[in-house]
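Data from entry-v5.txt: compact mmCIF, C-alpha atoms and all ligand atoms
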```
# COMPACT_ATOMS: atom_id res chain seq x y z
CA MET W 24 0.00 0.00 0.00
CA LYS W 25 1.28 3.48 -0.81
CA ASN W 26 2.31 5.41 2.31
CA ASN W 27 -0.04 8.23 1.51
CA THR W 28 -3.11 5.99 1.29
CA ARG W 29 -2.15 4.17 4.46
CA ASN W 30 -1.45 7.44 6.27
CA LYS W 31 -5.03 8.58 5.69
CA SER W 32 -6.55 5.73 7.65
CA MET W 33 -3.93 5.88 10.40
CA LEU W 34 -4.69 7.07 13.90
CA PHE W 35 -2.39 9.66 15.48
CA VAL W 36 -2.70 9.99 19.25
CA ALA W 37 -0.99 12.98 20.87
CA ASN W 38 -0.16 12.11 24.48
CA TRP W 39 0.66 15.45 26.08
CA LYS W 40 1.29 13.83 29.48
CA MET W 41 1.79 16.62 32.07
CA GLN W 42 3.85 18.69 29.65
CA LYS W 43 1.33 21.43 28.87
CA THR W 44 -0.55 23.54 31.40
CA LEU W 45 -4.23 24.33 31.01
CA ASP W 46 -3.46 27.67 29.34
CA GLN W 47 -0.86 26.15 27.03
CA SER W 48 -3.28 23.40 25.94
CA ILE W 49 -5.99 25.94 25.13
CA GLN W 50 -3.55 28.19 23.28
CA PHE W 51 -2.26 25.26 21.21
CA VAL W 52 -5.75 24.37 20.01
CA GLN W 53 -6.87 27.97 19.47
CA LYS W 54 -3.80 28.64 17.38
CA HIS W 55 -3.76 25.44 15.34
CA ILE W 56 -7.34 24.20 15.08
CA ASP W 57 -7.75 25.21 11.43
CA ALA W 58 -4.40 23.70 10.46
CA LEU W 59 -5.21 20.53 12.42
CA LYS W 60 -8.50 20.15 10.55
CA ALA W 61 -6.80 20.85 7.24
CA LEU W 62 -4.46 17.92 7.81
CA ASN W 63 -7.51 15.71 7.26
CA ARG W 64 -6.19 12.89 9.43
CA GLN W 65 -7.56 11.02 12.44
CA ILE W 66 -5.93 12.98 15.25
CA ILE W 67 -6.70 12.55 18.95
CA LEU W 68 -5.46 15.13 21.43
CA CYS W 69 -4.93 13.87 25.00
CA PRO W 70 -4.32 16.80 27.36
CA SER W 71 -4.37 16.60 31.16
CA PHE W 72 -7.76 16.50 32.95
CA PRO W 73 -8.41 20.24 33.50
CA ALA W 74 -7.97 20.95 29.79
CA LEU W 75 -10.53 18.38 28.65
CA TYR W 76 -13.60 20.56 29.03
CA PRO W 77 -12.26 23.72 27.35
CA LEU W 78 -10.75 21.63 24.55
CA SER W 79 -14.02 19.78 24.00
CA GLN W 80 -15.65 23.18 23.40
CA LEU W 81 -12.92 24.23 20.99
CA LEU W 82 -12.92 20.91 19.11
CA GLU W 83 -16.71 20.64 18.89
CA ASN W 84 -17.90 19.81 15.37
CA SER W 85 -14.32 19.28 14.23
CA SER W 86 -12.64 16.14 12.94
CA VAL W 87 -10.10 16.24 15.79
CA PHE W 88 -10.99 13.95 18.70
CA LEU W 89 -10.45 14.29 22.41
CA GLY W 90 -8.86 11.68 24.67
CA ALA W 91 -8.01 11.46 28.38
CA GLN W 92 -4.80 10.02 29.78
CA ASP W 93 -6.34 7.80 32.46
CA CYS W 94 -9.59 6.94 34.25
CA SER W 95 -10.76 5.24 37.41
CA PRO W 96 -11.27 1.46 37.47
CA HIS W 97 -14.45 2.18 39.48
CA GLU W 98 -17.82 3.37 38.28
CA LEU W 99 -18.51 6.00 40.98
CA GLY W 100 -17.85 6.34 44.70
CA ALA W 101 -15.45 7.44 47.42
CA TYR W 102 -12.24 7.46 45.38
CA THR W 103 -10.57 10.77 46.11
CA GLY W 104 -8.65 12.15 43.18
CA GLN W 105 -9.98 9.70 40.61
CA VAL W 106 -12.02 10.52 37.50
CA SER W 107 -14.81 8.26 36.28
CA ALA W 108 -15.25 7.09 32.73
CA GLN W 109 -18.76 8.56 32.82
CA SER W 110 -17.36 12.04 33.53
CA LEU W 111 -14.96 11.59 30.63
CA ALA W 112 -17.85 10.70 28.34
CA GLU W 113 -19.85 13.69 29.56
CA VAL W 114 -16.92 16.01 28.88
CA GLY W 115 -16.67 14.74 25.30
CA CYS W 116 -13.85 12.18 25.34
CA THR W 117 -14.08 9.50 22.68
CA TYR W 118 -10.75 7.89 23.61
CA CYS W 119 -8.80 7.30 26.82
CA ILE W 120 -5.27 6.01 27.38
CA VAL W 121 -4.94 3.37 30.10
CA GLY W 122 -1.97 1.42 31.42
CA HIS W 123 0.71 3.79 30.18
CA SER W 124 4.08 2.54 31.45
CA GLU W 125 4.54 5.74 33.46
CA ARG W 126 1.36 4.93 35.38
CA ARG W 127 2.27 1.25 35.68
CA ASN W 128 5.61 2.35 37.14
CA TYR W 129 4.80 5.41 39.30
CA ASN W 130 1.29 4.33 40.37
CA LYS W 131 1.96 0.61 40.51
CA GLU W 132 -1.02 -0.20 38.33
CA SER W 133 -1.67 -3.89 37.83
CA ASN W 134 -2.82 -5.65 34.67
CA SER W 135 -6.19 -6.46 36.23
CA GLU W 136 -6.72 -2.84 37.33
CA ILE W 137 -6.00 -1.72 33.77
CA ALA W 138 -8.51 -4.28 32.49
CA GLN W 139 -11.11 -2.81 34.90
CA LYS W 140 -10.40 0.66 33.54
CA ALA W 141 -10.93 -0.61 30.00
CA THR W 142 -14.27 -2.11 31.09
CA GLN W 143 -15.44 1.19 32.58
CA LEU W 144 -14.53 2.97 29.36
CA LEU W 145 -16.31 0.46 27.15
CA HIS W 146 -19.46 0.87 29.26
CA GLN W 147 -19.33 4.56 28.34
CA ASN W 148 -18.58 3.92 24.67
CA ILE W 149 -15.13 5.40 25.04
CA ILE W 150 -12.39 3.65 23.06
CA PRO W 151 -9.64 2.49 25.44
CA ILE W 152 -6.05 2.89 24.25
CA ILE W 153 -4.38 0.14 26.24
CA CYS W 154 -0.61 0.54 26.53
CA VAL W 155 1.67 -2.45 26.79
CA GLY W 156 5.41 -2.90 26.46
CA GLU W 157 8.52 -4.47 27.91
CA SER W 158 11.40 -2.96 29.89
CA GLN W 159 14.97 -2.76 28.61
CA GLN W 160 15.92 -5.75 30.75
CA GLU W 161 13.00 -7.83 29.50
CA PHE W 162 13.88 -6.84 25.93
CA GLU W 163 17.48 -7.97 26.43
CA LYS W 164 16.32 -11.26 27.92
CA LYS W 165 14.02 -11.75 24.89
CA GLN W 166 10.95 -11.86 27.13
CA SER W 167 8.90 -9.27 25.21
CA ILE W 168 6.22 -11.64 23.88
CA ASP W 169 5.69 -13.20 27.33
CA VAL W 170 5.41 -9.75 28.91
CA LEU W 171 2.85 -8.62 26.33
CA HIS W 172 0.89 -11.82 26.80
CA ASN W 173 0.70 -11.29 30.59
CA GLN W 174 -0.29 -7.67 30.15
CA LEU W 175 -3.00 -8.41 27.62
CA GLU W 176 -4.56 -11.61 28.94
CA PRO W 177 -6.79 -9.92 31.61
CA VAL W 178 -7.69 -7.20 29.12
CA PHE W 179 -8.79 -9.68 26.44
CA LYS W 180 -10.88 -11.51 29.04
CA VAL W 181 -12.93 -8.47 30.02
CA ILE W 182 -13.24 -7.15 26.49
CA GLU W 183 -14.45 -10.43 25.12
CA SER W 184 -17.05 -10.71 27.89
CA GLN W 185 -18.72 -7.47 26.78
CA SER W 186 -22.13 -8.07 25.24
CA SER W 187 -21.99 -5.30 22.66
CA ALA W 188 -19.57 -4.62 19.82
CA SER W 189 -16.62 -2.43 20.69
CA THR W 190 -13.45 -0.88 19.38
CA VAL W 191 -10.19 -1.12 21.32
CA CYS W 192 -6.74 0.27 20.58
CA ILE W 193 -3.67 -1.58 21.77
CA ALA W 194 -0.55 0.57 21.87
CA TYR W 195 2.75 -1.27 21.87
CA GLU W 196 5.26 1.01 23.57
CA PRO W 197 8.59 -0.56 24.54
CA ILE W 198 9.54 1.24 27.76
CA TRP W 199 13.16 1.54 26.61
CA SER W 200 11.99 3.53 23.61
CA ILE W 201 9.78 6.10 25.37
CA GLY W 202 11.44 9.50 25.35
CA THR W 203 14.88 8.03 24.59
CA GLY W 204 15.20 8.38 20.81
CA ASN W 205 15.87 4.61 20.57
CA VAL W 206 13.41 2.73 18.39
CA PRO W 207 13.11 -1.00 17.68
CA ASP W 208 14.28 -2.25 14.30
CA THR W 209 11.74 -3.14 11.63
CA GLN W 210 12.16 -6.89 11.85
CA TYR W 211 11.69 -6.91 15.61
CA LEU W 212 8.60 -4.74 15.31
CA GLN W 213 7.17 -6.90 12.54
CA ASN W 214 7.37 -9.94 14.81
CA ILE W 215 5.67 -8.07 17.68
CA PHE W 216 2.87 -6.72 15.48
CA ASP W 217 2.33 -10.07 13.74
CA THR W 218 1.94 -11.65 17.18
CA LEU W 219 -0.45 -8.94 18.40
CA LYS W 220 -2.48 -9.25 15.20
CA GLU W 221 -2.65 -13.02 15.60
CA TRP W 222 -3.89 -12.72 19.20
CA CYS W 223 -6.51 -10.14 18.26
CA SER W 224 -7.70 -12.14 15.24
CA ALA W 225 -8.21 -15.17 17.46
CA LYS W 226 -10.75 -13.18 19.49
CA THR W 227 -14.42 -12.76 18.62
CA SER W 228 -15.39 -10.65 15.64
CA LYS W 229 -17.41 -8.37 17.95
CA THR W 230 -14.35 -6.33 18.83
CA LYS W 231 -12.38 -4.26 16.36
CA TYR W 232 -8.73 -4.01 17.40
CA THR W 233 -6.52 -1.16 16.23
CA LEU W 234 -2.79 -1.59 16.81
CA LEU W 235 -0.60 1.44 17.55
CA TYR W 236 3.14 1.89 17.97
CA GLY W 237 4.52 4.37 20.49
CA GLY W 238 8.05 5.33 21.57
CA SER W 239 10.19 8.16 20.18
CA VAL W 240 8.12 8.57 17.00
CA THR W 241 9.25 11.64 15.04
CA GLY W 242 8.75 13.15 11.61
CA GLU W 243 12.24 11.91 10.79
CA ASN W 244 11.79 8.23 11.69
CA ILE W 245 8.09 7.70 10.88
CA GLN W 246 8.80 6.23 7.43
CA GLN W 247 10.48 3.17 8.87
CA PHE W 248 7.33 2.26 10.81
CA TYR W 249 5.31 2.21 7.59
CA GLN W 250 7.38 -0.77 6.52
CA VAL W 251 5.81 -2.75 9.37
CA GLU W 252 2.53 -4.40 8.49
CA ASN W 253 -0.33 -4.27 11.00
CA ILE W 254 0.59 -0.90 12.51
CA ASP W 255 -2.64 1.11 12.35
CA GLY W 256 -1.39 4.28 13.99
CA PHE W 257 0.91 5.95 16.49
CA LEU W 258 0.96 7.15 20.08
CA VAL W 259 3.20 10.18 20.14
CA GLY W 260 4.57 11.92 23.24
CA GLY W 261 7.37 14.48 22.90
CA SER W 262 6.90 15.18 19.19
CA SER W 263 3.20 15.96 19.63
CA LEU W 264 3.86 19.00 21.82
CA ASP W 265 5.05 21.17 18.97
CA PHE W 266 2.59 21.71 16.12
CA GLN W 267 5.21 21.66 13.35
CA LYS W 268 6.64 18.37 14.63
CA LEU W 269 3.16 16.85 14.90
CA LYS W 270 2.32 18.06 11.41
CA LYS W 271 5.46 16.45 10.01
CA ILE W 272 4.46 13.12 11.58
CA VAL W 273 0.87 13.07 10.36
CA SER W 274 1.53 14.42 6.90
P1 LIG W 301 7.56 9.66 23.28
O1 LIG W 301 6.40 9.16 24.28
O2 LIG W 301 6.95 9.81 21.93
O3 LIG W 301 8.02 10.96 23.87
O4 LIG W 301 8.61 8.61 23.31
C1 LIG W 301 5.46 8.22 23.87
C2 LIG W 301 4.55 7.88 25.02
O5 LIG W 301 5.01 7.83 26.16
O6 LIG W 301 3.34 7.66 24.82
```
Hey, can you dump this file as structure tokens for me?
Amino acid sequence: MKNNTRNKSMLFVANWKMQKTLDQSIQFVQKHIDALKALNRQIILCPSFPALYPLSQLLENSSVFLGAQDCSPHELGAYTGQVSAQSLAEVGCTYCIVGHSERRNYNKESNSEIAQKATQLLHQNIIPIICVGESQQEFEKKQSIDVLHNQLEPVFKVIESQSSASTVCIAYEPIWSIGTGNVPDTQYLQNIFDTLKEWCSAKTSKTKYTLLYGGSVTGENIQQFYQVENIDGFLVGGSSLDFQKLKKIVS
């Protein structure tokens, strides 16, 4: 498939982490909304929680989607500091990242907790972007496939038990690649994405799985990822903070 044709159907998720303040997030969208729309690509902006509401107003009726960076594994209740999937739906989120390695590491999130978060999101018709990936040590010990299997097994279980049809994104992000400038080689990635595709295909046809790659994606290295079959889009951190860099990636 020609890169340009493939690029059109690709998903580009901008994970702003805690890198932009509320004001900076608003300013980014105010300044670039027309240019973002003109790119004519599937772009999802994921700012921090306080920016979700103002951005949903700014992005209303546009082709640019809104995503959160996390949600509670619980429906409602006495969970100080947590944000429910229902609130995210009410604020206009159509996507939500869960299980990012930074949360797995700093907040000690377990695979089953991440699966619960995905369930809450699916109940609200929000598409979960479930992040998985191995550490440098696990990569060196050639344990990547086992790690991914352990991370995804509880997720597949809850997704497949849903009664209605759903869409789920799985983002493969090797931890050793996030923010480092180091990216896996094409052959290694092809093996990972073939395996992920195989696992997803073995599941029921009710769920549509979209496979993303994340980790040091830039406008300079994006071409090499197009050589890998089964990559349906990208989760971009650092390079999504600057509009020109984001533009180079998506176009
Ligand atoms: P990066 O981050 O693009 O800065 O490596 C990706 C991510 O953490 O989602």
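If all atoms listed in the file are the atoms counted, then among W:Phe216, W:Lys226, W:Asn134, W:Trp199 the closest residue to Glu183 (chain W) is W:Lys226.
Remark: for ligand LIG 301 (chain W), the closest of the candidate residues W:Ser262, W:Ser135, W:Gln92, W:Ser48 is W:Ser262 (distances computed over only C-alpha atoms and all ligand atoms).
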Report task. Compile the contact shell of Thr209 (chain W) as a ChimeraX atom specification: residues with an atom at most 9 Å away, counting all atoms listed in the file, same-chain residues fewer than 4 positions apart removed. Result -> /W:213-214,247-248,250-251
Requested in this report: Could you pull out the residues sitting within 6 Å of ligand LIG 301 (chain W), using all atoms listed in the file, and write them as an MDAnalysis selection string?
Outcome: chainID W and resid 38 201:202 237:240 258:261
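Taking only C-alpha atoms into account, Ser184 (chain W) lies nearest to W:Lys229 out of the set W:Arg127, W:Lys164, W:Lys60, W:Lys229.
Restricting the calculation to only C-alpha atoms, the smallest distance between Ile245 (chain W) and any of W:Leu111, W:Val273, W:Leu219, W:Ala58 is found for W:Val273.
Taking CA of Leu82 (chain W) and CA of Val52 (chain W) as endpoints, the distance between them is 8.0 Å.
With all atoms listed in the file as the basis for measurement, W:Val155 is the residue among W:Val106, W:Ile150, W:Ala112, W:Val155 that approaches Asn173 (chain W) most closely.
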Query - Contacts of Lys220 (chain W) within 10 Å, only C-alpha atoms, excl. fewer than 5 positions in-chain, as a ChimeraX atom specification - result: /W:214-215,225,232-234,252-254
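The gap separating CA of Thr227 (chain W) from CA of Glu176 (chain W) is 14.3 Å, in Å to one decimal.
In this structure, CA of Pro73 (chain W) sits 29.0 Å away from CA of Ser274 (chain W).
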Requested in this report: For the point (-10.3, 9.9, 30.4) in the file's frame, write as a PyMOL selection string all residues with an atom no more than 7 Å away, counting all atoms listed in the file.
Outcome: chain W and resi 90-94+108+111+116+119
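Shortest atom-to-atom contact with His146 (chain W) among W:Gly122, W:His97, W:Ala61, W:Asp46: W:His97, counting only C-alpha atoms.
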